[in-house]
$ cat my_file37.cif   # mmCIF, C-alpha atoms
data_work
loop_
_atom_site.label_atom_id
_atom_site.label_comp_id
_atom_site.auth_asym_id
_atom_site.auth_seq_id
_atom_site.Cartn_x
_atom_site.Cartn_y
_atom_site.Cartn_z
CA MET A 668 0.00 0.00 0.00
CA LYS A 669 1.32 3.38 -0.94
CA LEU A 670 0.60 6.29 1.36
CA PRO A 671 0.12 9.83 0.12
CA ARG A 672 3.36 11.77 0.30
CA ALA A 673 2.21 14.18 3.03
CA ARG A 674 1.32 11.27 5.27
CA THR A 675 4.64 9.46 4.82
CA ALA A 676 6.44 12.72 5.65
CA LYS A 677 4.46 13.05 8.86
CA ARG A 678 5.12 9.43 9.72
CA ARG A 679 8.82 9.87 9.05
CA ARG A 680 8.99 12.94 11.28
CA LEU A 681 7.13 11.07 14.02
CA MET A 682 9.58 8.15 13.77
CA ILE A 683 12.58 10.51 13.94
CA LEU A 684 11.05 12.18 16.98
CA LEU A 685 10.38 8.87 18.76
CA LEU A 686 13.89 7.57 17.99
CA ALA A 687 15.49 10.80 19.18
CA GLY A 688 13.37 10.64 22.33
CA LEU A 689 14.42 7.04 22.95
CA GLY A 690 18.09 7.93 22.48
CA LEU A 691 17.86 10.96 24.73
CA GLY A 692 15.97 9.00 27.38
CA THR A 693 18.59 6.24 27.39
CA ALA A 694 21.42 8.78 27.61
CA ALA A 695 19.73 10.56 30.51
CA ALA A 696 19.02 7.29 32.33
CA LEU A 697 22.66 6.20 31.95
CA THR A 698 23.95 9.58 33.15
CA LEU A 699 21.69 9.53 36.19
CA THR A 700 22.70 5.96 37.03
CA ALA A 701 26.35 7.01 36.78
CA PHE A 702 25.74 9.91 39.18
CA ASP A 703 24.16 7.48 41.62
CA ASP A 704 25.42 8.36 45.09
CA HIS A 705 27.32 11.47 44.08
CA LEU A 706 24.19 13.57 43.79
CA VAL A 707 23.26 13.16 47.45
CA PHE A 708 22.74 16.29 49.47
CA PHE A 709 23.96 14.68 52.67
CA HIS A 710 25.63 11.53 53.99
CA THR A 711 24.08 9.35 56.68
CA PRO A 712 25.83 8.29 59.92
CA SER A 713 25.93 4.75 58.46
CA ASP A 714 27.92 6.03 55.45
CA ILE A 715 30.44 7.54 57.87
CA ALA A 716 30.58 4.38 60.00
CA ALA A 717 31.33 2.42 56.82
CA HIS A 718 34.20 4.88 56.07
CA LYS A 719 32.61 5.91 52.80
CA VAL A 720 33.14 9.55 53.62
CA PRO A 721 36.46 11.47 53.69
CA VAL A 722 37.54 12.92 57.04
CA ASP A 723 38.42 16.63 57.42
CA ARG A 724 36.53 17.81 54.35
CA GLN A 725 33.48 20.09 54.27
CA MET A 726 30.37 17.92 53.89
CA ARG A 727 26.81 17.44 55.09
CA ILE A 728 25.42 14.75 57.33
CA GLY A 729 21.73 14.06 57.75
CA GLY A 730 19.54 12.05 60.10
CA LEU A 731 17.35 12.40 63.14
CA VAL A 732 18.32 14.33 66.25
CA GLU A 733 18.63 11.54 68.82
CA GLU A 734 16.04 11.74 71.61
CA GLY A 735 17.55 13.13 74.83
CA SER A 736 20.90 13.92 73.25
CA VAL A 737 20.62 17.72 72.98
CA GLU A 738 22.65 19.61 75.56
CA ARG A 739 23.57 23.26 75.69
CA VAL A 740 27.04 24.07 77.01
CA SER A 741 26.50 26.65 79.74
CA GLY A 742 28.09 30.05 79.27
CA SER A 743 28.32 29.75 75.47
CA ALA A 744 26.11 29.32 72.41
CA THR A 745 27.51 25.86 71.78
CA ILE A 746 25.05 23.00 71.39
CA ARG A 747 25.86 19.31 71.42
CA PHE A 748 23.58 16.64 70.01
CA ARG A 749 23.76 13.33 68.24
CA VAL A 750 22.55 12.65 64.70
CA THR A 751 21.30 9.13 64.16
CA ASP A 752 19.88 7.05 61.34
CA LEU A 753 18.77 4.45 63.93
CA GLU A 754 21.75 2.25 63.08
CA HIS A 755 24.66 4.54 63.82
CA ALA A 756 24.95 7.89 65.56
CA ILE A 757 27.42 10.75 65.28
CA PRO A 758 28.10 13.39 67.94
CA VAL A 759 27.76 16.95 66.60
CA THR A 760 28.79 20.29 68.05
CA TYR A 761 27.37 23.53 66.72
CA GLU A 762 27.61 27.16 67.68
CA GLY A 763 24.85 29.43 66.46
CA VAL A 764 21.14 29.89 65.92
CA LEU A 765 19.03 26.81 65.23
CA PRO A 766 16.05 26.82 62.84
CA ASP A 767 12.48 26.70 64.22
CA LEU A 768 11.94 23.07 63.31
CA PHE A 769 15.04 21.82 65.15
CA ARG A 770 13.95 19.46 67.92
CA GLU A 771 14.64 15.99 69.22
CA GLY A 772 13.33 13.25 66.98
CA GLN A 773 13.21 15.57 63.96
CA GLY A 774 15.20 15.31 60.76
CA VAL A 775 18.25 17.54 60.48
CA VAL A 776 21.04 18.25 57.99
CA ALA A 777 24.32 19.60 59.36
CA ASN A 778 27.07 21.14 57.24
CA GLY A 779 30.60 21.00 58.59
CA LYS A 780 33.70 18.85 59.06
CA LEU A 781 34.20 15.48 60.65
CA GLY A 782 37.05 15.68 63.16
CA ALA A 783 39.60 12.92 63.66
CA ASP A 784 37.99 12.20 67.05
CA GLY A 785 34.74 11.29 65.31
CA THR A 786 32.91 14.45 66.34
CA PHE A 787 31.23 16.43 63.61
CA ARG A 788 31.82 20.17 63.92
CA ALA A 789 28.90 21.86 62.18
CA ASN A 790 28.97 25.45 60.97
CA GLU A 791 25.39 25.29 59.66
CA VAL A 792 22.39 23.29 60.84
CA LEU A 793 19.25 22.96 58.68
CA ALA A 794 16.01 21.36 59.83
CA LYS A 795 14.54 18.78 57.50
CA HIS A 796 10.80 18.67 57.34
CA ASP A 797 9.02 15.36 56.78
CA GLU A 798 6.09 14.87 54.42
CA ASN A 799 3.43 14.88 57.17
CA TYR A 800 1.08 17.81 57.56
CA MET A 801 -1.58 17.83 60.28
CA PRO A 802 -3.21 20.10 62.84
CA ALA A 803 -1.80 20.04 66.39
CA GLU A 804 -4.97 18.33 67.72
CA VAL A 805 -4.53 15.40 65.33
CA ALA A 806 -0.88 15.01 66.33
CA GLU A 807 -1.94 15.00 70.00
CA ALA A 808 -4.64 12.42 69.33
CA LEU A 809 -2.17 10.18 67.51
CA LYS A 810 0.27 10.40 70.40
CA ARG A 811 -2.48 9.58 72.90
CA ALA A 812 -3.58 6.59 70.84
CA GLY A 813 0.00 5.33 70.78
CA ARG A 814 0.15 5.48 67.01
CA TRP A 815 2.83 8.13 66.88
CA GLN A 816 5.90 7.06 64.98
CA GLU A 817 7.70 10.27 64.15
CA GLY A 818 11.06 9.24 65.58
CA ALA A 819 10.73 5.67 64.33
CA ALA A 820 10.42 6.62 60.66
CA LYS A 821 13.69 6.29 58.83
CA PRO A 822 14.82 9.64 57.41
CA LYS A 823 14.93 9.82 53.65
CA MET B 329 -12.54 13.00 16.27
CA ASN B 330 -10.95 15.28 13.76
CA TRP B 331 -8.59 17.51 15.69
CA HIS B 332 -7.62 19.44 12.60
CA ARG B 333 -10.94 21.21 12.89
CA TYR B 334 -9.72 23.03 15.99
CA ALA B 335 -6.45 23.96 14.38
CA SER B 336 -7.99 26.64 12.22
CA PRO B 337 -7.98 30.09 13.84
CA ALA B 338 -11.68 30.72 13.12
CA ASN B 339 -12.74 27.48 14.82
CA PHE B 340 -10.41 28.16 17.71
CA LYS B 341 -11.98 31.57 18.20
CA ARG B 342 -15.45 30.01 18.35
CA LEU B 343 -14.29 27.27 20.76
CA SER B 344 -12.47 29.72 23.02
CA ASP B 345 -15.51 32.01 23.06
CA ARG B 346 -17.52 29.16 24.49
CA LEU B 347 -14.83 28.02 26.99
CA MET B 348 -13.76 31.44 28.21
CA PRO B 349 -16.60 32.17 30.73
CA TRP B 350 -16.27 28.65 32.22
CA THR B 351 -12.51 28.75 32.68
CA ALA B 352 -12.46 32.33 34.00
CA GLY B 353 -15.47 31.67 36.24
CA GLY B 354 -13.96 28.39 37.50
CA ALA B 355 -10.72 30.17 38.33
CA ALA B 356 -12.54 32.91 40.27
CA VAL B 357 -14.70 30.46 42.25
CA PHE B 358 -11.98 27.94 43.13
CA LEU B 359 -9.32 30.54 43.91
CA ALA B 360 -11.81 32.29 46.22
CA ILE B 361 -12.56 28.99 48.01
CA GLY B 362 -8.85 28.18 48.16
CA VAL B 363 -7.81 31.56 49.56
CA TRP B 364 -10.63 31.56 52.12
CA THR B 365 -10.06 28.01 53.37
CA GLY B 366 -6.28 28.36 53.09
CA LEU B 367 -6.01 31.56 55.10
CA PHE B 368 -8.93 31.30 57.54
CA ALA B 369 -10.79 27.99 57.51
CA SER B 370 -7.89 25.56 57.96
CA PRO B 371 -5.78 24.68 60.99
CA ALA B 372 -2.15 25.59 61.65
CA ASP B 373 0.32 22.72 61.33
CA TYR B 374 1.50 20.88 64.47
CA GLN B 375 5.12 21.76 63.68
CA GLN B 376 5.20 24.52 61.08
CA GLY B 377 2.46 26.62 62.67
CA GLU B 378 0.97 29.24 60.36
CA THR B 379 3.83 28.90 57.87
CA VAL B 380 2.09 25.81 56.47
CA ARG B 381 -0.24 28.16 54.54
CA ILE B 382 2.58 28.95 52.12
CA MET B 383 2.08 25.37 50.90
CA TYR B 384 -1.33 26.28 49.43
CA VAL B 385 0.41 28.52 46.90
CA HIS B 386 3.74 26.73 46.64
CA VAL B 387 2.52 23.19 45.86
CA PRO B 388 -0.12 24.14 43.22
CA ALA B 389 2.44 26.46 41.60
CA ALA B 390 4.93 23.59 41.49
CA TRP B 391 2.33 21.25 39.96
CA MET B 392 1.40 23.88 37.37
CA SER B 393 5.04 24.53 36.46
CA MET B 394 5.29 20.86 35.42
CA PHE B 395 1.79 20.60 33.91
CA VAL B 396 2.38 23.65 31.70
CA TYR B 397 5.74 22.23 30.67
CA ALA B 398 4.11 18.93 29.69
CA ASN B 399 1.71 20.97 27.52
CA LEU B 400 4.66 22.84 26.04
CA ALA B 401 6.33 19.54 25.11
CA VAL B 402 3.13 18.15 23.53
CA ALA B 403 2.67 21.39 21.57
CA GLY B 404 6.31 21.11 20.49
CA ALA B 405 5.80 17.55 19.22
CA ALA B 406 2.63 18.58 17.37
CA ALA B 407 4.44 21.55 15.83
CA LEU B 408 7.35 19.38 14.67
CA VAL B 409 5.50 16.30 13.44
CA TRP B 410 2.16 17.61 12.19
CA ARG B 411 3.24 21.22 11.58
CA HIS B 412 0.10 22.47 13.30
CA PRO B 413 0.13 26.28 13.17
CA LEU B 414 -1.99 26.38 16.30
CA ALA B 415 0.54 24.20 18.17
CA GLU B 416 3.27 26.74 17.37
CA VAL B 417 1.07 29.58 18.58
CA ALA B 418 0.08 27.68 21.73
CA GLY B 419 3.68 26.92 22.69
CA ARG B 420 4.68 30.55 22.30
CA ALA B 421 1.61 31.67 24.27
CA ILE B 422 1.92 29.36 27.31
CA ALA B 423 5.70 29.43 27.90
CA PRO B 424 5.71 32.74 29.86
CA VAL B 425 2.76 31.49 31.96
CA GLY B 426 4.71 28.33 32.87
CA ALA B 427 7.78 30.40 33.67
CA ALA B 428 5.67 32.59 35.97
CA PHE B 429 4.33 29.53 37.83
CA THR B 430 7.88 28.18 38.23
CA PHE B 431 9.08 31.54 39.53
CA LEU B 432 6.18 31.65 42.01
CA CYS B 433 7.07 28.12 43.14
CA LEU B 434 10.73 29.05 43.68
CA VAL B 435 9.95 32.28 45.55
CA THR B 436 7.30 30.78 47.86
CA GLY B 437 9.55 27.78 48.52
CA SER B 438 12.35 30.12 49.49
CA LEU B 439 10.06 32.08 51.82
CA TRP B 440 9.03 28.81 53.48
CA GLY B 441 12.59 27.47 53.61
CA LYS B 442 14.04 30.37 55.60
CA PRO B 443 11.91 29.94 58.75
CA MET B 444 11.50 26.14 58.47
CA TRP B 445 14.83 24.80 57.20
CA GLY B 446 16.88 27.79 58.27
CA THR B 447 18.02 28.69 54.74
CA TRP B 448 16.62 30.47 51.70
CA TRP B 449 18.18 28.07 49.26
CA VAL B 450 20.19 24.84 49.08
CA TRP B 451 21.60 23.07 46.05
CA ASP B 452 19.79 19.80 46.57
CA ALA B 453 18.45 17.73 43.67
CA ARG B 454 14.82 18.93 43.89
CA LEU B 455 15.54 22.66 44.15
CA THR B 456 18.24 22.54 41.49
CA SER B 457 16.11 20.61 38.99
CA VAL B 458 13.23 23.09 39.41
CA LEU B 459 15.65 25.99 38.89
CA ILE B 460 16.78 24.27 35.67
CA LEU B 461 13.11 24.04 34.62
CA PHE B 462 12.83 27.81 35.09
CA PHE B 463 15.91 28.40 32.94
CA VAL B 464 14.59 26.05 30.23
CA TYR B 465 11.41 28.13 30.10
CA LEU B 466 13.49 31.31 29.70
CA ALA B 467 15.64 29.67 27.02
CA TYR B 468 12.48 28.55 25.20
CA MET B 469 11.13 32.10 25.17
CA ALA B 470 14.46 33.55 24.01
CA LEU B 471 14.93 30.96 21.27
CA ASN B 472 11.33 31.29 20.13
CA SER B 473 11.76 34.98 19.33
CA ALA B 474 15.39 34.84 18.19
CA PHE B 475 14.57 34.39 14.49
CA ASP B 476 13.13 36.80 11.94
CA GLU B 477 10.76 34.15 10.66
CA PRO B 478 8.45 33.03 13.48
CA GLU B 479 8.30 29.51 11.99
CA ARG B 480 12.02 28.87 12.45
CA GLY B 481 11.86 30.15 16.03
CA ALA B 482 8.88 27.89 16.71
CA ARG B 483 10.69 24.83 15.39
CA ALA B 484 13.96 25.47 17.22
CA SER B 485 12.17 26.10 20.52
CA ALA B 486 9.95 23.02 20.00
CA VAL B 487 13.10 20.86 19.87
CA LEU B 488 14.31 22.54 23.07
CA ALA B 489 10.94 21.90 24.75
CA LEU B 490 11.13 18.18 23.91
CA VAL B 491 14.73 17.82 25.08
CA GLY B 492 13.87 19.67 28.29
CA ALA B 493 10.99 17.28 28.99
CA ILE B 494 13.57 14.82 30.36
CA ASN B 495 13.70 17.14 33.38
CA LEU B 496 10.07 16.39 34.38
CA PRO B 497 10.62 12.85 35.75
CA ILE B 498 13.88 14.04 37.33
CA ILE B 499 12.02 16.76 39.24
CA LYS B 500 9.26 14.36 40.28
CA PHE B 501 11.51 11.56 41.50
CA SER B 502 14.51 13.61 42.71
CA VAL B 503 13.24 13.35 46.29
CA ASP B 504 13.09 9.53 46.04
CA TRP B 505 16.30 8.87 44.11
CA TRP B 506 18.66 11.01 46.17
CA ASN B 507 18.98 12.40 49.68
CA THR B 508 17.49 15.86 49.47
CA LEU B 509 16.65 18.55 52.00
CA HIS B 510 13.26 18.85 50.31
CA GLN B 511 10.65 16.51 51.78
CA PRO B 512 9.34 13.57 49.69
CA ALA B 513 5.89 13.58 48.04
CA SER B 514 2.90 13.84 50.39
CA ILE B 515 0.00 13.43 47.96
CA THR B 516 1.10 11.02 45.24
CA ARG B 517 2.23 8.06 47.30
CA LEU B 518 1.03 4.50 47.31
CA ASP B 519 -0.64 4.64 50.74
CA ALA B 520 -2.95 7.44 51.88
CA PRO B 521 -1.78 11.05 51.48
CA ALA B 522 0.26 12.29 54.44
CA VAL B 523 -1.70 15.54 54.60
CA ASP B 524 -4.64 15.95 56.95
CA PRO B 525 -8.04 16.20 55.14
CA SER B 526 -8.63 19.69 56.60
CA MET B 527 -5.49 20.82 54.76
CA LEU B 528 -6.27 18.94 51.56
CA VAL B 529 -9.39 21.07 50.93
CA PRO B 530 -7.54 24.39 50.43
CA LEU B 531 -4.68 22.59 48.64
CA PHE B 532 -6.94 20.99 46.01
CA ALA B 533 -9.18 24.08 45.69
CA MET B 534 -6.08 26.14 44.90
CA ALA B 535 -4.78 23.51 42.48
CA VAL B 536 -8.09 23.43 40.56
CA GLY B 537 -8.23 27.24 40.64
CA PHE B 538 -4.66 27.49 39.30
CA THR B 539 -5.57 25.06 36.48
CA PHE B 540 -8.64 27.06 35.44
CA PHE B 541 -6.61 30.24 35.69
CA PHE B 542 -3.97 28.76 33.40
CA LEU B 543 -6.60 27.64 30.85
CA ALA B 544 -8.24 31.08 30.82
CA VAL B 545 -4.93 32.90 30.43
CA ALA B 546 -3.80 30.44 27.75
CA LEU B 547 -6.98 31.04 25.73
CA VAL B 548 -6.56 34.82 25.93
CA ARG B 549 -2.89 34.65 25.01
CA ILE B 550 -3.42 32.27 22.09
CA ARG B 551 -6.16 34.53 20.70
CA ALA B 552 -3.97 37.60 21.10
CA GLU B 553 -1.13 35.80 19.34
CA LEU B 554 -3.43 34.76 16.46
CA LEU B 555 -4.67 38.34 16.08
CA GLU B 556 -1.12 39.64 16.13
CA ARG B 557 -0.12 37.24 13.36
CA ARG B 558 -3.11 38.28 11.31
CA LEU B 559 -2.24 41.93 11.80
CA GLU B 560 1.32 41.20 10.70
CA ALA B 561 0.05 39.36 7.61
CA LEU B 562 -2.26 42.27 6.73
CA ARG B 563 0.59 44.75 7.16
CA HIS B 564 2.78 42.67 4.85
CA ALA B 565 -0.04 42.48 2.31
CA ARG B 566 -0.47 46.26 2.46
CA VAL B 567 3.25 46.95 2.08
CA ALA B 568 3.37 44.55 -0.87
CA GLY B 569 0.25 46.18 -2.32
CA SER B 570 1.62 49.73 -2.03
CA THR B 571 4.89 48.82 -3.77
CA ILE B 572 2.91 47.36 -6.63
CA VAL B 573 0.93 50.59 -6.85
CA GLU B 574 4.13 52.66 -6.82
CA ARG B 575 5.63 50.60 -9.58
CA ALA B 576 2.55 50.97 -11.75
#
$ encode --input "my_file37.cif" --output "structure tokens"
Amino acid sequence: MKLPRARTAKRRRLMILLLAGLGLGTAAALTLTAFDDHLVFFHTPSDIAAHKVPVDRQMRIGGLVEEGSVERVSGSATIRFRVTDLEHAIPVTYEGVLPDLFREGQGVVANGKLGADGTFRANEVLAKHDENYMPAEVAEALKRAGRWQEGAAKPK
Amino acid sequence: MNWHRYASPANFKRLSDRLMPWTAGGAAVFLAIGVWTGLFASPADYQQGETVRIMYVHVPAAWMSMFVYANLAVAGAAALVWRHPLAEVAGRAIAPVGAAFTFLCLVTGSLWGKPMWGTWWVWDARLTSVLILFFVYLAYMALNSAFDEPERGARASAVLALVGAINLPIIKFSVDWWNTLHQPASITRLDAPAVDPSMLVPLFAMAVGFTFFFLAVALVRIRAELLERRLEALRHARVAGSTIVERA
């Protein structure tokens, strides 16, 4: 069967477009796979425990602020706390103003250097918000019902 | 259905005449509901407090930035493969609207980030990929009007729109593929949405309102663009006509 010329031209252009799209998609997928772990915004305490992270270089660590670990050093603005991913934990010291959302059990990303003694000296602390949005009354009700699992959720 | 019918400017004018009051009216009604529920008739968040209300602008703007871009890519494909004149016009007309939504998304996100995260901006995968989307919109607009013949501009920018479409899945899944400061998706997840129903009402009202608003603005802009082209054609015809007269 012979198609009219205008239709074959359209079909040819469509085929070129689909092939180009396929090629571009494959290239993008390969590039993104190659990036893999290098595109991460922060490293987890487990990464550091597995020695996947260089010591004494500026980097970010992320995880949850361990419950009961926050202590303020009296007479200075220094704060000590531990960042955990529920498998490993890293002690952090920070001097400065903390964001509103910083609290125990909440996600946090700290920017700084890992000292040789294993303590992370942060020069910037960012709070990480989770994907849950609810009114205070609902949060209270969940806690009362024992269905609260904020600290138990693994940070992403 | 024969879509070519809607590709002619006269038919488009008739169709847009009929759609215009519905899209504009829908935008007014849903944006009013969204603003009212978002600002007054919804609770403060248990952690973010009142700052959560920024979400009712930020999230719909983010959705629209990607929805408009998807439209731009489809218009680009139609312009390249089927050479639809209306597809060329539509792409040119909606690109600035998409750029505006992306800008709104970036600005409101920044305003939320400062009090909540403690920073205006970070270079994580989600924020960076959305910033790239904004630049692709700007590049599309620049390329589109960089040629003397509008057709060549339309074709070059259509190719750009299709190449840039690879960014859409990257934006969507950036929060799942990599560690980001930006939180993962709350609405489109396999289990129930992680947003309380009382907060979903303003969120969805705003999203529907934004969509109607986009449709109304797109219709107006496409019609203006069609009129402009006709004016240009008439002017050319007149200039050509007058030279003929002079020669005679």
$ resolve_selection --input "my_file37.cif" --expression "the PyMOL selection byres ((chain A) within 7 of (chain B))" --output "VMD selection string"
chain A and resid 677 680 to 681 692 706 to 709 766 to 768 793 to 803 806 823
$ residues_around --input "my_file37.cif" --residues "Arg549 (chain B)" --least-positions-apart "2" --cutoff "10 Å" --atoms "only C-alpha atoms" --output "VMD selection string"
chain B and resid 417 to 418 420 to 422 425 543 to 547 551 to 555
$ resolve_selection --input "my_file37.cif" --expression "the PyMOL selection byres ((chain A and resi 727) around 12)" --output "NGL selection string"
(:A and (707-712 or 714-715 or 720-726 or 728-730 or 750 or 759 or 775-781 or 787-793)) or (:B and (450-452 or 507-509))
$ residues_around --input "my_file37.cif" --residues "Gly354 (chain B)" --least-positions-apart "6" --cutoff "9 Å" --atoms "all atoms listed in the file" --output "PDB file with C-alpha atoms, in the coordinates of the input"
ATOM      1  CA  VAL B 536      -8.090  23.430  40.560  1.00  0.00           C
ATOM      2  CA  GLY B 537      -8.230  27.240  40.640  1.00  0.00           C
ATOM      3  CA  PHE B 540      -8.640  27.060  35.440  1.00  0.00           C
ATOM      4  CA  PHE B 541      -6.610  30.240  35.690  1.00  0.00           C
TER       5      PHE B 541
END
$ closest_residue --input "my_file37.cif" --among "A:Gly763, A:Glu733, A:Asp784, A:Ala808" --to "Arg749 (chain A)" --atoms "only C-alpha atoms"
A:Glu733
